>>> print(open('upload.cif').read())   # mmCIF, C-alpha atoms
data_work
loop_
_atom_site.label_atom_id
_atom_site.label_comp_id
_atom_site.auth_asym_id
_atom_site.auth_seq_id
_atom_site.Cartn_x
_atom_site.Cartn_y
_atom_site.Cartn_z
CA MET V 1 231.11 44.67 180.84
CA ARG V 2 234.02 42.31 180.15
CA ALA V 3 234.64 39.63 182.78
CA ILE V 4 238.38 40.31 182.83
CA SER V 5 237.75 43.82 184.23
CA MET V 6 235.63 42.53 187.09
CA ASN V 7 236.62 41.64 190.61
CA ALA V 8 235.03 38.89 192.70
CA LEU V 9 232.64 41.17 194.60
CA VAL V 10 231.40 42.88 191.44
CA TRP V 11 230.94 39.50 189.75
CA SER V 12 229.02 37.98 192.65
CA SER V 13 226.71 41.01 192.98
CA SER V 14 226.17 41.67 189.27
CA ILE V 15 222.63 41.28 187.94
CA LYS V 16 224.02 39.97 184.68
CA ALA V 17 225.55 36.50 184.87
CA ILE V 18 229.01 36.48 183.28
CA GLN V 19 231.50 33.64 183.29
CA PRO V 20 234.79 34.88 184.80
CA SER V 21 238.13 34.60 183.06
CA ALA V 22 239.89 31.23 183.19
CA GLU V 23 242.56 32.59 185.56
CA VAL V 24 240.04 32.88 188.40
CA TYR V 25 237.11 30.65 187.41
CA CYS V 26 236.69 27.20 188.96
CA GLN V 27 233.59 25.59 187.49
CA THR V 28 234.06 22.31 189.36
CA ARG V 29 235.36 21.20 192.75
CA ASP V 30 238.42 19.40 191.35
CA ILE V 31 239.73 22.58 189.73
CA VAL V 32 239.64 24.63 192.93
CA GLN V 33 241.08 21.72 194.96
CA ALA V 34 244.05 21.51 192.59
CA ARG V 35 244.66 25.25 192.94
CA ILE V 36 244.54 25.01 196.72
CA GLU V 37 247.10 22.19 196.67
CA SER V 38 249.39 24.40 194.60
CA ILE V 39 249.09 27.06 197.31
CA ARG V 40 250.27 24.54 199.91
CA SER V 41 253.46 23.96 197.91
CA VAL V 42 254.14 27.67 197.42
CA LEU V 43 253.58 28.45 201.11
CA LEU V 44 256.08 25.82 202.15
CA GLN V 45 258.55 27.03 199.52
CA ASN V 46 258.21 30.52 201.01
CA GLU V 47 259.09 29.10 204.45
CA TRP V 48 255.68 29.26 206.06
CA ASP V 49 255.68 26.68 208.84
CA GLN V 50 253.86 23.40 208.26
CA SER V 51 251.24 23.78 210.99
CA THR V 52 250.18 27.27 209.85
CA THR V 53 250.18 26.09 206.23
CA ALA V 54 247.94 23.15 207.13
CA LEU V 55 245.46 25.46 208.89
CA ILE V 56 245.38 27.92 206.00
CA ILE V 57 244.75 25.10 203.52
CA ALA V 58 242.01 23.68 205.73
CA VAL V 59 240.26 27.07 205.88
CA MET V 60 240.52 27.51 202.12
CA GLY V 61 239.20 23.99 201.63
CA GLU V 62 236.20 24.66 203.86
CA LEU V 63 235.29 27.98 202.22
CA THR V 64 235.52 26.54 198.71
CA SER V 65 233.81 23.22 199.57
CA ASN V 66 230.79 25.16 200.84
CA VAL V 67 230.37 26.61 197.36
CA PHE V 68 229.73 23.19 195.89
CA ASP V 69 228.15 21.43 198.90
CA HIS V 70 225.32 23.95 199.24
CA ASN V 71 224.62 24.64 195.57
CA LEU V 72 224.91 21.26 193.86
CA GLY V 73 222.14 21.06 191.27
CA GLN V 74 220.69 24.40 192.40
CA TRP V 75 222.85 27.03 190.72
CA PRO V 76 220.75 30.08 189.74
CA ASP V 77 223.08 30.84 186.81
CA VAL V 78 226.89 30.48 186.68
CA PRO V 79 228.07 27.32 188.52
CA GLY V 80 231.28 27.10 190.49
CA CYS V 81 233.29 29.90 192.02
CA TRP V 82 235.68 32.76 191.53
CA PHE V 83 238.92 31.85 193.29
CA GLU V 84 242.09 33.92 193.34
CA PHE V 85 245.06 34.26 195.63
CA ASP V 86 248.28 36.20 196.09
CA LEU V 87 251.12 35.20 198.38
CA ASP V 88 254.76 35.80 199.20
CA GLN V 89 257.09 35.17 202.13
CA SER V 90 255.15 37.38 204.53
CA HIS V 91 251.53 37.53 203.36
CA ILE V 92 248.74 35.56 201.72
CA SER V 93 245.39 36.77 200.47
CA MET V 94 242.56 34.69 199.07
CA THR V 95 239.19 35.57 197.58
CA VAL V 96 236.37 33.12 196.86
CA ALA V 97 232.94 34.10 195.59
CA ASP V 98 229.96 32.35 194.05
CA ARG V 99 226.61 33.17 192.51
CA GLY V 100 224.80 30.41 194.38
CA ARG V 101 221.84 30.41 196.77
CA GLY V 102 223.58 32.13 199.66
CA VAL V 103 223.54 31.30 203.37
CA ARG V 104 219.97 32.41 204.11
CA SER V 105 218.42 30.34 201.33
CA SER V 106 220.49 27.35 202.36
CA LEU V 107 219.18 27.53 205.95
CA LEU V 108 215.54 28.47 205.28
CA ARG V 109 214.37 24.87 205.13
CA ILE V 110 215.35 24.25 208.75
CA ARG V 111 215.00 27.85 210.03
CA PRO V 112 212.00 29.37 208.21
CA GLY V 113 211.62 33.13 208.33
CA ILE V 114 215.23 34.09 209.11
CA ASP V 115 216.82 37.20 207.61
CA ASP V 116 220.40 37.61 206.37
CA ARG V 117 221.71 38.71 209.78
CA GLU V 118 220.25 35.72 211.59
CA ALA V 119 221.45 33.39 208.84
CA LEU V 120 225.09 34.48 209.27
CA ARG V 121 224.81 34.39 213.04
CA ILE V 122 223.53 30.81 212.87
CA ALA V 123 226.10 29.71 210.29
CA PHE V 124 229.05 31.01 212.32
CA SER V 125 227.87 30.10 215.81
CA GLU V 126 225.47 27.13 215.79
CA HIS V 127 225.75 23.46 214.90
CA VAL V 128 223.18 23.71 212.13
CA THR V 129 223.31 22.85 208.43
CA GLY V 130 221.09 23.46 205.45
CA ARG V 131 221.89 19.88 204.42
CA ALA V 132 220.04 18.19 207.30
CA PRO V 133 219.65 15.34 208.16
CA GLU V 134 223.38 15.07 207.35
CA LYS V 135 225.62 15.49 210.40
CA ARG V 136 227.31 18.67 209.27
CA GLY V 137 227.28 22.32 210.25
CA ASN V 138 230.71 22.85 211.78
CA GLY V 139 232.42 24.39 208.75
CA LEU V 140 232.17 28.14 209.32
CA LYS V 141 232.58 27.73 213.06
CA PHE V 142 235.78 25.80 212.33
CA VAL V 143 236.94 28.63 210.04
CA MET V 144 236.43 31.25 212.76
CA ASN V 145 238.11 29.12 215.43
CA VAL V 146 241.19 28.71 213.23
CA LEU V 147 241.36 32.40 212.29
CA ARG V 148 241.08 33.47 215.92
CA GLY V 149 244.24 31.49 216.64
CA LEU V 150 246.34 33.04 213.87
CA PRO V 151 248.09 36.42 214.06
CA GLY V 152 247.55 39.13 211.47
CA VAL V 153 244.19 37.96 210.10
CA THR V 154 241.61 40.06 208.27
CA PHE V 155 238.48 38.21 207.17
CA VAL V 156 235.35 39.48 205.40
CA TYR V 157 232.40 37.21 204.61
CA GLN V 158 229.26 38.45 202.88
CA SER V 159 225.99 36.77 201.93
CA GLY V 160 222.88 38.68 201.00
CA ALA V 161 222.96 42.12 202.62
CA MET V 162 225.00 41.11 205.66
CA ILE V 163 228.77 41.19 206.21
CA LEU V 164 230.86 39.54 208.90
CA SER V 165 234.12 41.45 209.43
CA TYR V 166 236.87 40.12 211.68
CA SER V 167 240.44 41.22 212.30
CA THR V 168 242.96 40.00 214.88
CA MET V 169 244.68 43.37 214.43
CA LYS V 170 241.75 45.24 215.96
CA ASP V 171 240.61 45.21 219.55
CA GLN V 172 237.19 43.82 218.85
CA SER V 173 234.70 41.39 220.30
CA HIS V 174 234.93 37.75 219.26
CA GLN V 175 231.16 37.39 219.57
CA ILE V 176 229.59 36.72 216.18
CA PRO V 177 226.65 39.19 216.50
CA ASP V 178 229.15 42.00 217.20
CA LEU V 179 230.99 41.24 213.95
CA LEU V 180 227.93 41.61 211.72
CA SER V 181 226.89 44.71 209.80
CA GLU V 182 224.45 45.47 207.01
CA THR V 183 225.42 46.66 203.54
CA PRO V 184 223.28 48.15 200.75
CA ASP V 185 225.25 46.07 198.23
CA CYS V 186 223.35 42.78 198.35
CA ILE V 187 224.73 39.65 196.70
CA GLN V 188 222.83 36.47 195.91
CA GLY V 189 225.63 34.06 196.79
CA VAL V 190 228.70 34.36 198.99
CA TYR V 191 231.84 36.51 198.91
CA ALA V 192 234.80 35.85 201.22
CA LYS V 193 238.14 37.65 201.44
CA LEU V 194 240.92 36.45 203.71
CA ASP V 195 244.28 38.09 204.41
CA ILE V 196 246.92 36.56 206.69
CA GLN V 197 250.25 38.05 207.71
CA LYS V 198 253.03 35.57 208.43
CA SER V 199 254.10 35.53 212.07
CA ILE V 200 257.74 36.53 212.65
#
>>> encode(input="upload.cif", output="structure tokens")
Amino acid sequence: MRAISMNALVWSSSIKAIQPSAEVYCQTRDIVQARIESIRSVLLQNEWDQSTTALIIAVMGELTSNVFDHNLGQWPDVPGCWFEFDLDQSHISMTVADRGRGVRSSLLRIRPGIDDREALRIAFSEHVTGRAPEKRGNGLKFVMNVLRGLPGVTFVYQSGAMILSYSTMKDQSHQIPDLLSETPDCIQGVYAKLDIQKSI
């Protein structure tokens, strides 16, 4: 299978480790940070307001930083992440995926015995980090708090066999356990897809 024909979810769930094409592959943190900064410029050029742009960039920064913060020196195979985006005057979509340890493995040291469902519930609702004793653990809670305040958001986050699905366009609970569902398509790392419609 050629990497160019893959998408982020297929890549992150594939048994065979393949380096993605250069257009979407960010092996190191500085590469993905530079790409995120370019998104800031394009959003502003497309007349997205500064406060919304700042929040979108902060969310992207958090999702991509997690890739490197939780896998440094512990990559099972391909280091770094798949990062791609598409945007125009009314819409932005972003996908980030990695082949790292995943949320459950990251939290097992401080929460032994948890499954994928409990790992995502903890990550999105508790002040807990797999990098203890560092004072961290707010990242994914910050992401959800921001997304809840933006109109036209669709967000999917998968690690292991568990998916968190959230949409401001659906009449759904904001409670994290209600947003979780199991999938037979297990991935070893993390896959996140975010779509945001510009408010009019």
>>> resolve_selection(input="upload.cif", expression="the PyMOL selection byres ((chain V and resi 85) around 9)", output="list in words")
Val24, Ile39, Phe83, Glu84, Asp86, Leu87, Ile92, Ser93, Met94, Thr95 and Val96 of chain V
>>> residues_near_point(input="upload.cif", point="(243.0, 34.4, 201.5)", cutoff="12 Å", atoms="all atoms listed in the file", output="PyMOL selection string")
chain V and resi 36+39+53+55-61+63-64+83-87+91-97+143+147+152-157+191-197
>>> residues_around(input="upload.cif", residues="Leu108 in chain V", least_positions_apart="5", cutoff="9 Å", atoms="all atoms listed in the file", output="PDB file with C-alpha atoms, keeping the file's coordinate frame")
ATOM      1  CA  VAL V 103     223.540  31.300 203.370  1.00  0.00           C
ATOM      2  CA  GLY V 113     211.620  33.130 208.330  1.00  0.00           C
ATOM      3  CA  ILE V 114     215.230  34.090 209.110  1.00  0.00           C
ATOM      4  CA  ALA V 119     221.450  33.390 208.840  1.00  0.00           C
ATOM      5  CA  GLY V 130     221.090  23.460 205.450  1.00  0.00           C
TER       6      GLY V 130
END
>>> resolve_selection(input="upload.cif", expression="the PyMOL selection byres ((chain V and resi 17) around 10)", output="PDB file with C-alpha atoms, in the frame of the given file")
ATOM      1  CA  ALA V   3     234.640  39.630 182.780  1.00  0.00           C
ATOM      2  CA  TRP V  11     230.940  39.500 189.750  1.00  0.00           C
ATOM      3  CA  SER V  12     229.020  37.980 192.650  1.00  0.00           C
ATOM      4  CA  SER V  13     226.710  41.010 192.980  1.00  0.00           C
ATOM      5  CA  SER V  14     226.170  41.670 189.270  1.00  0.00           C
ATOM      6  CA  ILE V  15     222.630  41.280 187.940  1.00  0.00           C
ATOM      7  CA  LYS V  16     224.020  39.970 184.680  1.00  0.00           C
ATOM      8  CA  ILE V  18     229.010  36.480 183.280  1.00  0.00           C
ATOM      9  CA  GLN V  19     231.500  33.640 183.290  1.00  0.00           C
ATOM     10  CA  PRO V  20     234.790  34.880 184.800  1.00  0.00           C
ATOM     11  CA  PRO V  76     220.750  30.080 189.740  1.00  0.00           C
ATOM     12  CA  ASP V  77     223.080  30.840 186.810  1.00  0.00           C
ATOM     13  CA  VAL V  78     226.890  30.480 186.680  1.00  0.00           C
ATOM     14  CA  ARG V  99     226.610  33.170 192.510  1.00  0.00           C
TER      15      ARG V  99
END
>>> residues_around(input="upload.cif", residues="Gln74 in chain V", least_positions_apart="6", cutoff="12 Å", atoms="all atoms listed in the file", output="list in words")
Val67, Phe68, Gly80, Arg99, Gly100, Arg101, Gly102, Ser105, Ser106 and Gly189 of chain V
>>> closest_residue(input="upload.cif", among="V:Gln89, V:Leu164, V:Val10, V:Pro177", to="Asn46 in chain V", atoms="only C-alpha atoms")
V:Gln89
>>> atom_distance(input="upload.cif", atom1="CA of Val42 in chain V", atom2="CA of Arg29 in chain V")
20.4 Å
>>> residues_around(input="upload.cif", residues="Leu179 in chain V", least_positions_apart="4", cutoff="10 Å", atoms="only C-alpha atoms", output="PyMOL selection string")
chain V and resi 121+156+163-167+172-175
